[in-house]
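Have a look at the structure below before the remarks.
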Amino acid sequence: MPDVSVVVPTFNRAAFIEASVTSLLTDAVDVEVLVVDDGSVDDTAVRLERLGDPRVRVLVRAHAGIAAARNAGVAASRGRHVAFHDSDDRALPGRLARPVAHLDAHPDVAFVVQNGRMAAREGAAAGAPWLAPATVRALRGRPLGVADVFRWNLGQLQGMCFRRTALERVGPLDGTFRILDDLDLVLRVAVRFAGVFLDETAFVYHPGGDSVSRDRHQIHEEAIALAEKLVREHPEALRAIGPGVFRRRQARRWARLAEARHRRGDLAAACAAMASACRLTPCDVRLRLRARRLRRAT
């Protein structure tokens with residue numbers, strides 16, 4: 001049983017896959033890397049075979065989306081702990097060894113969150129941190145629960161490591177989410193288990209041009225849906241977050257969705273989304289003014 005299994009879903013990322021997987025093999029920790037090839041049609045398979053490392057296992061399956069690929073990797077993994085990695089990102093030294101050591105030393109902790117940084121833009125020495133300094137200060141030095149994950153949108157799986165037992169308790173990733181399956185999973189884990197934030201840069205995020213995370217409209221839709229799912233299935237999460245905080249956050253998400261629909265030219269759907277925002281926070285004058293402007297535009 002390895003110390004940690006790393007699940008790496010990939011789909012047509014041949015240009016990045018070798019360097020990305022290799023970056024996971026540098027820590028002094030017993031690791032297995034499960035690359036789940038989600039139906040790639042480029043030369044991903046050839047590049048993975050070139051690695052020739054027995055710690056790397058490749059699962060080839062028909063294209064079914066990132067949540068299904070992650071679930072297949074978890075099901076095939078054997079490690080005491082489970083981490084995730086995106087196939088165009090790069091793990092930094094300590095990405096695996098530090099959370100494994102922390103989990104082994106703190107049996108009351110079920111998941112570890114580490115910071116990352118964006119890939120540097122051309123001409124820049126380094127990229128911006130994934131979590132802003134103010135967020136880091138708020139998270140450092142205390143246990144993390146579902147209210148923290150909800151407030152700060154802590155869904156960056158490539159900076160996390162989980163006890164296998166915690167993942168087994170909450171069940172698989174939800175394939176109805178095309179983009180935010182990761183945040184949905186972390187919220188469900190944080191409802192039941194405590195986490196911790198380690199202020200260390202563990203990965204470099206590469207914002208690929210084909211990334212589904214660029215679909216802001218769907219992100220807003222999924223953010224609303226996963227929050228509603230969370231409190232519907234786990235009423236204790238609403239108590240931890242606070243009903244007022246939850247309503248205000250959902251109202252902001254509905255308002256952002258209204259703006260996204262407006263930009264797409266769907267004014268009727270934009271007005272409906274803004275109306276949902278106003279129902280959640282009827283005393284918010286700014287939202288009511290924005291709703292009035294939208295109605296006048298129709």
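Naming works like this for the structure tokens: A, B, ... for the chains as they're shown, residue 1 at the start of each chain, ligands 1 onward in shown order.
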Quick one: DSSP helix (DSSP H, G or I) residues in stretch 119-249 of chain A, as an MDAnalysis selection string? chainID A and resid 133:139 146:152 157:159 164:170 181:192 212:214 216:233 235:241 243:249
Please write the residues from the selection above to a file, keeping C-alpha atoms, as a CSV table (one decimal), in the first residue's frame.
```csv
chain,number,residue,atom,x,y,z
A,133,PRO,CA,-2.4,36.9,0.9
A,134,ALA,CA,-5.6,38.0,2.7
A,135,THR,CA,-7.1,34.5,2.2
A,136,VAL,CA,-3.9,32.9,3.4
A,137,ARG,CA,-3.9,34.9,6.6
A,138,ALA,CA,-7.5,34.0,7.3
A,139,LEU,CA,-6.8,30.2,6.8
A,146,VAL,CA,-17.2,23.6,5.5
A,147,ALA,CA,-17.8,27.3,6.2
A,148,ASP,CA,-14.2,28.0,5.2
A,149,VAL,CA,-14.4,25.9,2.1
A,150,PHE,CA,-17.7,27.7,1.1
A,151,ARG,CA,-16.5,31.2,1.9
A,152,TRP,CA,-13.1,30.9,0.1
A,157,LEU,CA,-7.8,19.6,-5.8
A,158,GLN,CA,-4.3,19.9,-7.2
A,159,GLY,CA,-3.2,21.5,-3.9
A,164,ARG,CA,-8.7,7.6,1.8
A,165,THR,CA,-11.2,6.8,4.5
A,166,ALA,CA,-12.7,10.3,4.2
A,167,LEU,CA,-13.2,10.0,0.5
A,168,GLU,CA,-14.8,6.6,1.0
A,169,ARG,CA,-17.3,8.1,3.5
A,170,VAL,CA,-18.5,10.9,1.2
A,181,ASP,CA,-17.1,18.6,-9.3
A,182,ASP,CA,-13.9,19.4,-7.3
A,183,LEU,CA,-15.5,22.1,-5.1
A,184,ASP,CA,-18.6,19.9,-4.6
A,185,LEU,CA,-16.3,17.1,-3.3
A,186,VAL,CA,-14.3,19.3,-0.9
A,187,LEU,CA,-17.5,20.7,0.5
A,188,ARG,CA,-18.9,17.3,1.2
A,189,VAL,CA,-15.7,16.2,2.8
A,190,ALA,CA,-15.5,19.3,5.0
A,191,VAL,CA,-19.0,18.8,6.3
A,192,ARG,CA,-17.9,15.6,8.0
A,212,VAL,CA,-13.5,24.3,-19.3
A,213,SER,CA,-12.9,26.7,-16.3
A,214,ARG,CA,-13.1,29.5,-18.9
A,216,ARG,CA,-17.9,31.6,-16.7
A,217,HIS,CA,-21.6,31.2,-17.5
A,218,GLN,CA,-21.6,27.5,-16.5
A,219,ILE,CA,-19.4,28.2,-13.5
A,220,HIS,CA,-22.0,30.5,-12.1
A,221,GLU,CA,-24.8,28.0,-12.8
A,222,GLU,CA,-22.9,25.1,-11.2
A,223,ALA,CA,-21.9,27.2,-8.1
A,224,ILE,CA,-25.5,27.9,-7.4
A,225,ALA,CA,-26.5,24.3,-7.9
A,226,LEU,CA,-23.8,22.8,-5.8
A,227,ALA,CA,-24.5,25.2,-2.9
A,228,GLU,CA,-28.2,24.3,-3.0
A,229,LYS,CA,-27.3,20.6,-3.1
A,230,LEU,CA,-25.0,21.0,-0.1
A,231,VAL,CA,-27.6,22.5,2.2
A,232,ARG,CA,-30.4,20.2,0.9
A,233,GLU,CA,-28.3,17.1,1.6
A,235,PRO,CA,-28.6,20.8,6.7
A,236,GLU,CA,-25.8,21.0,9.2
A,237,ALA,CA,-23.7,22.8,6.6
A,238,LEU,CA,-26.2,25.7,6.5
A,239,ARG,CA,-25.9,26.0,10.3
A,240,ALA,CA,-22.1,26.1,10.1
A,241,ILE,CA,-22.1,28.6,7.2
A,243,PRO,CA,-28.2,31.3,6.8
A,244,GLY,CA,-27.6,35.0,6.2
A,245,VAL,CA,-24.1,34.4,4.8
A,246,PHE,CA,-25.5,31.6,2.6
A,247,ARG,CA,-28.3,33.8,1.2
A,248,ARG,CA,-26.0,36.7,0.5
A,249,ARG,CA,-23.5,34.5,-1.3
```
For the structure I just gave you, how does DSSP split stretch 171-217 of chain A - specifically, which residues are strand (DSSP E)? Reply as a VMD selection string. chain A and resid 195 to 205
Mind giving me the straight-line distance from atom CA of A:His63 to atom CA of A:Ala83 in Å, one decimal?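 Separation between atom CA of A:His63 and atom CA of A:Ala83: 21.7 Å.
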Mind checking which residues fall within 10 Å of A:Gln156, counting only C-alpha atoms, ignoring those fewer than 5 positions away in the same chain, and posting them as an MDAnalysis selection string? chainID A and resid 84:86 113:116 130:131 180 182:183 186 205
Spatial neighbours of stretch 280-289 of chain A, max dist 8 Å, only C-alpha atoms, sep filter under 4 positions, as a ChimeraX atom specification: /A:247-248,250-251,255,274,276,293
Given the selection you just returned, output its residues as a file containing C-alpha atoms, formatted as a PDB file, in the first residue's frame.
```pdb
ATOM      1  CA  ARG A 247     -28.304  33.806   1.206  1.00  0.00           C
ATOM      2  CA  ARG A 248     -25.962  36.722   0.476  1.00  0.00           C
ATOM      3  CA  GLN A 250     -26.179  32.840  -3.374  1.00  0.00           C
ATOM      4  CA  ALA A 251     -27.616  36.252  -4.242  1.00  0.00           C
ATOM      5  CA  ALA A 255     -26.436  38.355  -9.913  1.00  0.00           C
ATOM      6  CA  MET A 274     -31.591  38.805 -11.071  1.00  0.00           C
ATOM      7  CA  SER A 276     -33.748  35.196  -7.844  1.00  0.00           C
ATOM      8  CA  ARG A 293     -31.891  48.384 -15.344  1.00  0.00           C
TER       9      ARG A 293
END
```
From the list A:Asn12, A:Asn153, A:Thr298, A:Ser23, which residue is nearest A:Ala45 when using only C-alpha atoms? A:Asn12
Would you kindly return, as an mmCIF file with N, CA and C atoms, in the first residue's frame, each protein, DNA or RNA residue with an atom no farther than 9 Å from any atom of stretch 98-102 of chain A, considering only C-alpha atoms and excluding same-chain residues fewer than 4 positions away?
```
data_model
loop_
_atom_site.group_PDB
_atom_site.id
_atom_site.type_symbol
_atom_site.label_atom_id
_atom_site.label_comp_id
_atom_site.auth_asym_id
_atom_site.auth_seq_id
_atom_site.Cartn_x
_atom_site.Cartn_y
_atom_site.Cartn_z
ATOM 1 N N ASP A 3 2.099 5.203 0.234
ATOM 2 C CA ASP A 3 1.699 6.282 1.126
ATOM 3 C C ASP A 3 0.583 7.110 0.505
ATOM 4 N N VAL A 4 0.700 7.375 -0.790
ATOM 5 C CA VAL A 4 -0.261 8.260 -1.441
ATOM 6 C C VAL A 4 -0.435 7.850 -2.900
ATOM 7 N N VAL A 29 8.646 9.995 -1.024
ATOM 8 C CA VAL A 29 7.433 9.410 -0.481
ATOM 9 C C VAL A 29 7.046 8.257 -1.395
ATOM 10 N N HIS A 81 -3.477 7.483 1.372
ATOM 11 C CA HIS A 81 -4.006 8.822 1.123
ATOM 12 C C HIS A 81 -4.179 8.994 -0.381
ATOM 13 N N GLY A 94 7.685 18.842 -2.328
ATOM 14 C CA GLY A 94 6.888 18.886 -1.116
ATOM 15 C C GLY A 94 5.406 18.744 -1.351
ATOM 16 N N HIS A 106 -1.208 13.812 12.412
ATOM 17 C CA HIS A 106 -2.410 14.412 12.991
ATOM 18 C C HIS A 106 -3.630 13.572 12.592
ATOM 19 N N PRO A 107 -3.940 12.545 13.357
ATOM 20 C CA PRO A 107 -5.055 11.658 12.995
ATOM 21 C C PRO A 107 -6.419 12.331 13.002
ATOM 22 N N VAL A 109 -7.047 15.109 11.469
ATOM 23 C CA VAL A 109 -7.150 15.878 10.226
ATOM 24 C C VAL A 109 -7.388 14.915 9.073
ATOM 25 N N PHE A 111 -7.998 16.182 5.647
ATOM 26 C CA PHE A 111 -7.521 16.699 4.361
ATOM 27 C C PHE A 111 -6.627 17.905 4.582
ATOM 28 N N VAL A 112 -5.686 18.054 3.667
ATOM 29 C CA VAL A 112 -4.695 19.126 3.722
ATOM 30 C C VAL A 112 -4.830 19.971 2.462
ATOM 31 N N VAL A 113 -4.817 21.286 2.657
ATOM 32 C CA VAL A 113 -4.860 22.241 1.548
ATOM 33 C C VAL A 113 -3.536 22.976 1.496
ATOM 34 N N GLN A 114 -2.918 23.022 0.320
ATOM 35 C CA GLN A 114 -1.714 23.812 0.127
ATOM 36 C C GLN A 114 -1.961 24.869 -0.945
ATOM 37 N N MET A 160 -4.438 19.618 -2.827
ATOM 38 C CA MET A 160 -5.018 18.941 -1.671
ATOM 39 C C MET A 160 -4.588 17.484 -1.589
ATOM 40 N N CYS A 161 -4.708 16.947 -0.383
ATOM 41 C CA CYS A 161 -4.451 15.536 -0.140
ATOM 42 C C CYS A 161 -5.461 15.066 0.901
ATOM 43 N N PHE A 162 -6.070 13.897 0.681
ATOM 44 C CA PHE A 162 -7.154 13.401 1.514
ATOM 45 C C PHE A 162 -6.812 12.035 2.107
ATOM 46 N N LEU A 198 -1.815 24.430 4.842
ATOM 47 C CA LEU A 198 -0.365 24.586 4.984
ATOM 48 C C LEU A 198 0.078 25.661 4.008
#
```
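Put simply, atom CA of A:Ala260 is 18.9 Å away from atom CA of A:Arg279.
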Restricting the calculation to only C-alpha atoms: of A:Leu24, A:Ala194, A:Leu173, A:Cys271, which residue gets closest to A:Leu92?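 For A:Leu92, the nearest of the candidates is A:Leu24.
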Excluding A:Met118 and its own-chain neighbours fewer than 3 positions away, which residues fall within 10 Å of it when counting only C-alpha atoms? Please give them as a PyMOL selection string. chain A and resi 89+121+126-131+203-207
Nearest to A:Asp199, restricted to only C-alpha atoms and choosing among A:Pro9, A:Pro54, A:Gly73, A:Gly141, comes out as A:Gly141
